[in-house]
Amino acid sequence: MHFFESFIYILAFIMIGMIIRPLKRRIILSILSIAIGVFTLHVIFEATRWQLFPLYVALLTSGVIVYLKTARNVVFKNRLRKSLFGGLLVLALISLATSLIFPMYEMPEPTGDYLIGTQSFIINDENRLENYGEEVNTYRSFKIQTWYPAQTSEEGALEPWLEDGKIVARALSRDIGLPFFVLDHTANIMSNAYKNASISEAEDAYPLIILSHGWRGFKNVHSDLAEELASQGYIVVGIDHTYGSIATVLSDETVYLDEDALPPRETTPDFLEHANQLVNTYAGDITTTIDFLESIDETEHSSQIASAMDLTTIGLLGHSTGGGADVAVALNDARIDALLGMDAWVEPLEEPLLSEGLDMPSLFLRSGAWEISYNNDSLSTLIENSTESSPLYQIDGTTHYDFAMVYMYSPLTKYIGFTGSVESEHLNTIMKTMITNFFDDTLKNYPNSDINPGSWDDVREISLD
């Protein structure tokens with residue numbers, strides 16, 4: 001809760017109380033003056049949000065009533081005063097309850113030494129026709145966002161966590177069955193990245209990591225990992241996989257999730273065929289992104305990262321469908337040097353392809369919820385046939401969604417099954433440490449970047465013997 005917002009709650013409850021228990025005239029007028037000032041400062045310096053609207057009504061209504069009683073000597077009958085007191089108190093309590101259920105969280109602070117810049121691009125792939133949506137014979141288009149080590153924070157403003165704001169927030173609300181406005185406040189959460197900031201000149205070039213979200217995800221659902229890696233000296237590129245993302249904002253339209261792209265397993269006999277097409281569509285986006293980055297021009301694209309990417313050192317990081325797509329790319333693209341999958345969904349890939357195994361270092365993190373899963377046999381086939389180190393670690397007490405930023409929405413997520421029993425800050429530390437250490441070891445060749453999670457009781461290595 002923000003500073004002035006907290007004072008508004010206190011002042012509202014005081015003024016509601018003054019409806020039935022008046023104070024001295026001088027004190028009342030002072031409180032009214034303070035309330036006007038605090039409310040004005042709140043509107044100017046803090047974001048308004050729907051959870052506060054009942055509070056605003058309670059504050060303003062109680063203020064008017066108290067002013068009329070004190071300055072105008074208006075007499076309110078006892079029954080009316082009690083009714084107003086009760087009704088306004090309920091409004092203030094509703095506001096407090098919704099603010100606690102859907103609070104205004106802040107993004108986790110990155111731990112690296114670099115400031116962070118961010119810039120986005122829209123990619124039109126004229127080599128692929130779109131598999132999804134209602135329009136036919138259209139080319140595949142999607143959006144990417146980059147996070148990179150920045151030279152200074154003085155050139156640009158902080159970018160919101162959700163780059164595309166309420167469009168994404170409302171798409172997510174509808175997707176999980178909430179009223180469309182419930183997550184609007186998340187559009188006001190600021191990231192730790194400065195838009196279009198100049199890239200740091202501390203290094204000649206930075207390793208590249210491509211970040212891919214899962215089915216029904218979106219590129220900013222892993223911004224915490226992207227910012228952490230950028231602060232540690234990586235250029236990270238997150239992809240909004242059109243029609244697999246809940247909402248992708250392109251140049252002239254917003255493209256929403258195509259639910260037919262992955263119909264329910266239980267009622268779809270050819271479910272794995274749909275899944276295979278989806279994973280390979282994601283994989284095509286990853287390959288196209290790398291091609292785009294190889295051809296990006298500092299003048300044509302006004303890109304901060306054009307001359308600072310080490311395109312000879314590329315890692316892939318993905319969750320669920322994005323992790324499966326990473327595997328599909330890595331099995332066929334010699335440009336990939338390392339891969340990390342979070343509940344990587346490799347089941348849709350053909351067994352002969354998985355049997356080839358990976359020939360670069362990989363790390364797989366599995367949630368406790370996926371300990372029993374259709375995916376495990378396919379993942380075992382991949383790992384057992386890989387020629388480089390490919391350990392599998394399980395984080396007990398976690399769900400599939402714990403690998404995304406579900407902790408940013410409500411403290412109730414663990415009570416309704418979205419998140420597990422592991423405290424979010426602790427899990428965030430585990431994830432950032434293991435991911436950063438893995439890429440430091442495989443992409444930067446740092447000698448002391450051990451991924452052994454022996455200090456965490458929640459994490460254990462899974463033997464496939």
# chains A, B, ... in the order shown; residues from 1 in each chain; ligands from 1
$ residues_around --residues "region 358-363 of chain A" --least-positions-apart "2" --cutoff "6 Å" --atoms "only C-alpha atoms" --output "MDAnalysis selection string"
chainID A and resid 337:340 386:391
$ residues_around --residues "Ile209 (chain A)" --least-positions-apart "3" --cutoff "10 Å" --atoms "only C-alpha atoms" --output "PDB file with N, CA and C atoms, in the first residue's frame"
ATOM      1  N   THR A 146      13.112  -6.714 -25.497  1.00  0.00           N
ATOM      2  CA  THR A 146      14.492  -6.959 -25.076  1.00  0.00           C
ATOM      3  C   THR A 146      14.754  -6.285 -23.732  1.00  0.00           C
ATOM      4  N   TRP A 147      15.577  -6.934 -22.920  1.00  0.00           N
ATOM      5  CA  TRP A 147      16.097  -6.360 -21.674  1.00  0.00           C
ATOM      6  C   TRP A 147      17.616  -6.455 -21.760  1.00  0.00           C
ATOM      7  N   TYR A 206      27.511  -8.853 -25.135  1.00  0.00           N
ATOM      8  CA  TYR A 206      26.855  -9.596 -24.050  1.00  0.00           C
ATOM      9  C   TYR A 206      26.202 -10.859 -24.605  1.00  0.00           C
ATOM     10  N   SER A 212      11.028 -17.737 -23.577  1.00  0.00           N
ATOM     11  CA  SER A 212       9.784 -18.148 -24.232  1.00  0.00           C
ATOM     12  C   SER A 212       8.752 -18.589 -23.188  1.00  0.00           C
ATOM     13  N   ALA A 226      13.966 -12.035 -16.658  1.00  0.00           N
ATOM     14  CA  ALA A 226      14.617 -11.233 -17.704  1.00  0.00           C
ATOM     15  C   ALA A 226      15.404 -10.081 -17.088  1.00  0.00           C
ATOM     16  N   LEU A 229      18.596 -11.414 -15.246  1.00  0.00           N
ATOM     17  CA  LEU A 229      19.670 -11.779 -16.173  1.00  0.00           C
ATOM     18  C   LEU A 229      20.294 -10.540 -16.823  1.00  0.00           C
ATOM     19  N   ALA A 230      19.460  -9.567 -17.178  1.00  0.00           N
ATOM     20  CA  ALA A 230      20.002  -8.336 -17.764  1.00  0.00           C
ATOM     21  C   ALA A 230      20.901  -7.610 -16.761  1.00  0.00           C
ATOM     22  N   TYR A 234      23.514  -9.932 -19.333  1.00  0.00           N
ATOM     23  CA  TYR A 234      22.994 -10.661 -20.496  1.00  0.00           C
ATOM     24  C   TYR A 234      22.014  -9.773 -21.251  1.00  0.00           C
ATOM     25  N   ILE A 235      21.883 -10.016 -22.538  1.00  0.00           N
ATOM     26  CA  ILE A 235      20.789  -9.451 -23.319  1.00  0.00           C
ATOM     27  C   ILE A 235      19.716 -10.528 -23.417  1.00  0.00           C
ATOM     28  N   VAL A 236      18.528 -10.201 -22.942  1.00  0.00           N
ATOM     29  CA  VAL A 236      17.430 -11.161 -22.899  1.00  0.00           C
ATOM     30  C   VAL A 236      16.343 -10.703 -23.856  1.00  0.00           C
ATOM     31  N   VAL A 237      15.817 -11.635 -24.639  1.00  0.00           N
ATOM     32  CA  VAL A 237      14.765 -11.324 -25.607  1.00  0.00           C
ATOM     33  C   VAL A 237      13.566 -12.202 -25.314  1.00  0.00           C
ATOM     34  N   GLY A 238      12.477 -11.581 -24.848  1.00  0.00           N
ATOM     35  CA  GLY A 238      11.243 -12.314 -24.566  1.00  0.00           C
ATOM     36  C   GLY A 238      10.289 -12.227 -25.741  1.00  0.00           C
ATOM     37  N   ILE A 290      15.961 -15.279 -33.663  1.00  0.00           N
ATOM     38  CA  ILE A 290      17.425 -15.309 -33.786  1.00  0.00           C
ATOM     39  C   ILE A 290      17.846 -14.796 -35.159  1.00  0.00           C
ATOM     40  N   MET A 309      25.288  -7.514 -29.093  1.00  0.00           N
ATOM     41  CA  MET A 309      24.927  -8.916 -28.870  1.00  0.00           C
ATOM     42  C   MET A 309      26.076  -9.833 -29.265  1.00  0.00           C
ATOM     43  N   LEU A 311      26.346 -12.951 -30.704  1.00  0.00           N
ATOM     44  CA  LEU A 311      25.511 -13.933 -31.392  1.00  0.00           C
ATOM     45  C   LEU A 311      26.199 -15.274 -31.562  1.00  0.00           C
ATOM     46  N   THR A 313      27.100 -16.770 -28.796  1.00  0.00           N
ATOM     47  CA  THR A 313      26.826 -17.344 -27.477  1.00  0.00           C
ATOM     48  C   THR A 313      25.353 -17.133 -27.175  1.00  0.00           C
ATOM     49  N   ILE A 314      24.547 -18.175 -27.437  1.00  0.00           N
ATOM     50  CA  ILE A 314      23.091 -18.055 -27.323  1.00  0.00           C
ATOM     51  C   ILE A 314      22.546 -19.141 -26.394  1.00  0.00           C
ATOM     52  N   GLY A 315      21.743 -18.703 -25.426  1.00  0.00           N
ATOM     53  CA  GLY A 315      21.049 -19.624 -24.541  1.00  0.00           C
ATOM     54  C   GLY A 315      19.544 -19.519 -24.726  1.00  0.00           C
ATOM     55  N   LEU A 316      18.838 -20.594 -24.415  1.00  0.00           N
ATOM     56  CA  LEU A 316      17.382 -20.608 -24.471  1.00  0.00           C
ATOM     57  C   LEU A 316      16.828 -20.850 -23.076  1.00  0.00           C
ATOM     58  N   LEU A 317      15.793 -20.118 -22.716  1.00  0.00           N
ATOM     59  CA  LEU A 317      15.113 -20.253 -21.426  1.00  0.00           C
ATOM     60  C   LEU A 317      13.623 -20.266 -21.695  1.00  0.00           C
ATOM     61  N   ILE A 336      22.616 -22.776 -30.939  1.00  0.00           N
ATOM     62  CA  ILE A 336      22.245 -22.784 -29.524  1.00  0.00           C
ATOM     63  C   ILE A 336      23.363 -23.410 -28.705  1.00  0.00           C
ATOM     64  N   ASP A 337      23.744 -22.715 -27.617  1.00  0.00           N
ATOM     65  CA  ASP A 337      24.867 -23.169 -26.786  1.00  0.00           C
ATOM     66  C   ASP A 337      24.438 -23.723 -25.438  1.00  0.00           C
ATOM     67  N   ALA A 338      23.243 -23.396 -24.964  1.00  0.00           N
ATOM     68  CA  ALA A 338      22.777 -23.882 -23.668  1.00  0.00           C
ATOM     69  C   ALA A 338      21.262 -23.739 -23.614  1.00  0.00           C
ATOM     70  N   LEU A 339      20.638 -24.588 -22.784  1.00  0.00           N
ATOM     71  CA  LEU A 339      19.173 -24.596 -22.698  1.00  0.00           C
ATOM     72  C   LEU A 339      18.749 -24.849 -21.263  1.00  0.00           C
ATOM     73  N   PHE A 439      23.650 -20.216 -16.613  1.00  0.00           N
ATOM     74  CA  PHE A 439      24.091 -19.484 -17.794  1.00  0.00           C
ATOM     75  C   PHE A 439      25.479 -18.868 -17.598  1.00  0.00           C
ATOM     76  N   LEU A 443      27.524 -20.060 -20.649  1.00  0.00           N
ATOM     77  CA  LEU A 443      27.677 -19.004 -21.649  1.00  0.00           C
ATOM     78  C   LEU A 443      28.844 -18.067 -21.359  1.00  0.00           C
TER      79      LEU A 443
END
$ closest_residue --among "A:Thr152, A:Ser410, A:Thr70, A:Thr436" --to "Ile101 (chain A)" --atoms "only C-alpha atoms"
A:Ser410
$ residues_around --residues "His2 (chain A)" --least-positions-apart "4" --cutoff "9 Å" --atoms "only C-alpha atoms" --output "PDB file with C-alpha atoms, in the first residue's frame"
ATOM      1  CA  SER A   6      -2.548   4.509   3.739  1.00  0.00           C
ATOM      2  CA  PHE A   7      -3.339   7.971   5.121  1.00  0.00           C
ATOM      3  CA  HIS A  42      -2.514  10.776  -3.759  1.00  0.00           C
ATOM      4  CA  GLU A  46       0.008   7.658  -6.845  1.00  0.00           C
ATOM      5  CA  MET A 104      -0.404  -3.276  -5.579  1.00  0.00           C
TER       6      MET A 104
END
$ select_by_dssp --residues "region 177-315 of chain A" --states "alpha helix (DSSP H)" --output "VMD selection string"
chain A and resid 223 to 231 271 to 295
$ write_last_selection --atoms "C-alpha atoms" --output "PDB file, in the first residue's frame"
ATOM      1  CA  SER A 223      10.021 -10.213 -16.550  1.00  0.00           C
ATOM      2  CA  ASP A 224      11.537 -10.935 -13.139  1.00  0.00           C
ATOM      3  CA  LEU A 225      13.931 -13.474 -14.695  1.00  0.00           C
ATOM      4  CA  ALA A 226      14.617 -11.233 -17.704  1.00  0.00           C
ATOM      5  CA  GLU A 227      15.494  -8.276 -15.495  1.00  0.00           C
ATOM      6  CA  GLU A 228      17.685 -10.395 -13.235  1.00  0.00           C
ATOM      7  CA  LEU A 229      19.670 -11.779 -16.173  1.00  0.00           C
ATOM      8  CA  ALA A 230      20.002  -8.336 -17.764  1.00  0.00           C
ATOM      9  CA  SER A 231      21.323  -6.953 -14.476  1.00  0.00           C
ATOM     10  CA  PHE A 271      -4.611 -33.759 -28.952  1.00  0.00           C
ATOM     11  CA  LEU A 272      -0.894 -34.441 -29.443  1.00  0.00           C
ATOM     12  CA  GLU A 273      -1.107 -33.413 -33.096  1.00  0.00           C
ATOM     13  CA  HIS A 274      -2.482 -30.031 -32.009  1.00  0.00           C
ATOM     14  CA  ALA A 275       0.191 -29.853 -29.327  1.00  0.00           C
ATOM     15  CA  ASN A 276       2.963 -30.685 -31.793  1.00  0.00           C
ATOM     16  CA  GLN A 277       1.860 -27.928 -34.155  1.00  0.00           C
ATOM     17  CA  LEU A 278       1.703 -25.438 -31.280  1.00  0.00           C
ATOM     18  CA  VAL A 279       5.152 -26.302 -29.929  1.00  0.00           C
ATOM     19  CA  ASN A 280       6.657 -26.128 -33.400  1.00  0.00           C
ATOM     20  CA  THR A 281       4.943 -22.778 -34.013  1.00  0.00           C
ATOM     21  CA  TYR A 282       6.626 -21.462 -30.883  1.00  0.00           C
ATOM     22  CA  ALA A 283       9.890 -23.013 -32.102  1.00  0.00           C
ATOM     23  CA  GLY A 284       9.514 -21.199 -35.418  1.00  0.00           C
ATOM     24  CA  ASP A 285       9.128 -17.923 -33.520  1.00  0.00           C
ATOM     25  CA  ILE A 286      12.367 -18.599 -31.640  1.00  0.00           C
ATOM     26  CA  THR A 287      14.290 -19.392 -34.840  1.00  0.00           C
ATOM     27  CA  THR A 288      12.838 -16.335 -36.580  1.00  0.00           C
ATOM     28  CA  THR A 289      13.811 -14.169 -33.595  1.00  0.00           C
ATOM     29  CA  ILE A 290      17.425 -15.309 -33.786  1.00  0.00           C
ATOM     30  CA  ASP A 291      17.429 -14.688 -37.575  1.00  0.00           C
ATOM     31  CA  PHE A 292      16.008 -11.206 -36.960  1.00  0.00           C
ATOM     32  CA  LEU A 293      18.644 -10.426 -34.332  1.00  0.00           C
ATOM     33  CA  GLU A 294      21.391 -11.557 -36.692  1.00  0.00           C
ATOM     34  CA  SER A 295      20.160  -9.130 -39.331  1.00  0.00           C
TER      35      SER A 295
END
$ atom_distance --atom1 "CA of Ser251 (chain A)" --atom2 "CA of Val136 (chain A)"
18.7 Å
$ closest_residue --among "A:Val249, A:Tyr407, A:Ser380, A:Ile239" --to "Gly318 (chain A)" --atoms "only C-alpha atoms"
A:Ile239
$ residues_around --residues "Asp125 (chain A)" --least-positions-apart "4" --cutoff "7 Å" --atoms "only C-alpha atoms" --output "VMD selection string"
chain A and resid 139 to 141
$ write_last_selection --atoms "C-alpha atoms" --output "mmCIF file, in the first residue's frame"
data_model
loop_
_atom_site.group_PDB
_atom_site.id
_atom_site.type_symbol
_atom_site.label_atom_id
_atom_site.label_comp_id
_atom_site.auth_asym_id
_atom_site.auth_seq_id
_atom_site.Cartn_x
_atom_site.Cartn_y
_atom_site.Cartn_z
ATOM 1 C CA TYR A 139 2.002 -14.213 -42.508
ATOM 2 C CA ARG A 140 3.076 -14.980 -38.967
ATOM 3 C CA SER A 141 3.643 -11.858 -36.843
#
$ atom_distance --atom1 "CA of Ala334 (chain A)" --atom2 "CA of Thr312 (chain A)"
10.3 Å
$ closest_residue --among "A:Pro110, A:Asn137, A:Gly322, A:Ile199" --to "Thr433 (chain A)" --atoms "only C-alpha atoms"
A:Pro110
$ select_by_dssp --residues "region 292-381 of chain A" --states "strand (DSSP E or B)" --output "list in words"
Met309, Asp310, Leu311, Thr312, Thr313, Ile314, Gly315, Leu316, Leu317, Gly318, His319, Ala338, Leu339, Leu340, Gly341, Met342, Ser362, Leu363, Phe364, Leu365, Arg366 and Ser367 of chain A
$ write_last_selection --atoms "C-alpha atoms" --output "compact mmCIF listing (two decimals), in the first residue's frame"
# COMPACT_ATOMS: atom_id res chain seq x y z
CA MET A 309 24.93 -8.92 -28.87
CA ASP A 310 27.31 -11.85 -28.79
CA LEU A 311 25.51 -13.93 -31.39
CA THR A 312 28.08 -16.69 -31.03
CA THR A 313 26.83 -17.34 -27.48
CA ILE A 314 23.09 -18.05 -27.32
CA GLY A 315 21.05 -19.62 -24.54
CA LEU A 316 17.38 -20.61 -24.47
CA LEU A 317 15.11 -20.25 -21.43
CA GLY A 318 11.51 -21.39 -21.55
CA HIS A 319 8.50 -22.44 -19.52
CA ALA A 338 22.78 -23.88 -23.67
CA LEU A 339 19.17 -24.60 -22.70
CA LEU A 340 17.18 -24.30 -19.49
CA GLY A 341 13.61 -25.58 -19.33
CA MET A 342 11.09 -24.93 -16.56
CA SER A 362 21.02 -28.22 -20.45
CA LEU A 363 19.22 -27.92 -17.14
CA PHE A 364 15.63 -28.90 -16.43
CA LEU A 365 13.62 -27.64 -13.47
CA ARG A 366 10.44 -29.52 -12.60
CA SER A 367 7.64 -28.38 -10.31
$ closest_residue --among "A:Ala308, A:Ile122, A:Leu172, A:Val346" --to "Thr242 (chain A)" --atoms "only C-alpha atoms"
A:Ile122
$ closest_residue --among "A:Gly368, A:Pro160, A:Gly133, A:Pro103" --to "Tyr409 (chain A)" --atoms "only C-alpha atoms"
A:Pro103
$ residues_around --residues "Asp258 (chain A)" --least-positions-apart "5" --cutoff "12 Å" --atoms "only C-alpha atoms" --output "PDB file with C-alpha atoms, in the first residue's frame"
ATOM      1  CA  GLU A 130      -0.131 -18.202 -39.820  1.00  0.00           C
ATOM      2  CA  ASN A 131      -1.631 -21.460 -38.510  1.00  0.00           C
ATOM      3  CA  TYR A 132      -4.134 -19.810 -36.203  1.00  0.00           C
ATOM      4  CA  GLY A 133      -6.833 -17.173 -36.179  1.00  0.00           C
ATOM      5  CA  GLU A 134      -9.710 -16.560 -38.562  1.00  0.00           C
ATOM      6  CA  ASP A 175      -8.949 -15.898 -19.284  1.00  0.00           C
ATOM      7  CA  TRP A 215       0.549 -21.691 -23.363  1.00  0.00           C
ATOM      8  CA  ARG A 216      -1.788 -18.935 -22.076  1.00  0.00           C
ATOM      9  CA  HIS A 241       3.882 -16.036 -29.103  1.00  0.00           C
ATOM     10  CA  THR A 242       0.855 -14.803 -31.037  1.00  0.00           C
ATOM     11  CA  TYR A 243      -2.337 -16.839 -30.459  1.00  0.00           C
ATOM     12  CA  GLY A 244      -0.567 -18.754 -27.668  1.00  0.00           C
ATOM     13  CA  SER A 245      -0.233 -15.566 -25.621  1.00  0.00           C
ATOM     14  CA  ILE A 246      -3.319 -14.209 -23.892  1.00  0.00           C
ATOM     15  CA  ALA A 247      -2.822 -10.969 -25.841  1.00  0.00           C
ATOM     16  CA  THR A 248      -0.241  -9.784 -28.356  1.00  0.00           C
ATOM     17  CA  PRO A 263      -8.165 -28.019 -27.288  1.00  0.00           C
ATOM     18  CA  LEU A 278       1.703 -25.438 -31.280  1.00  0.00           C
TER      19      LEU A 278
END
$ residues_around --residues "region 60-62 of chain A" --least-positions-apart "6" --cutoff "8 Å" --atoms "only C-alpha atoms" --output "list in words"
Ala12, Met15, Ile16, Ile19 and Leu88 of chain A
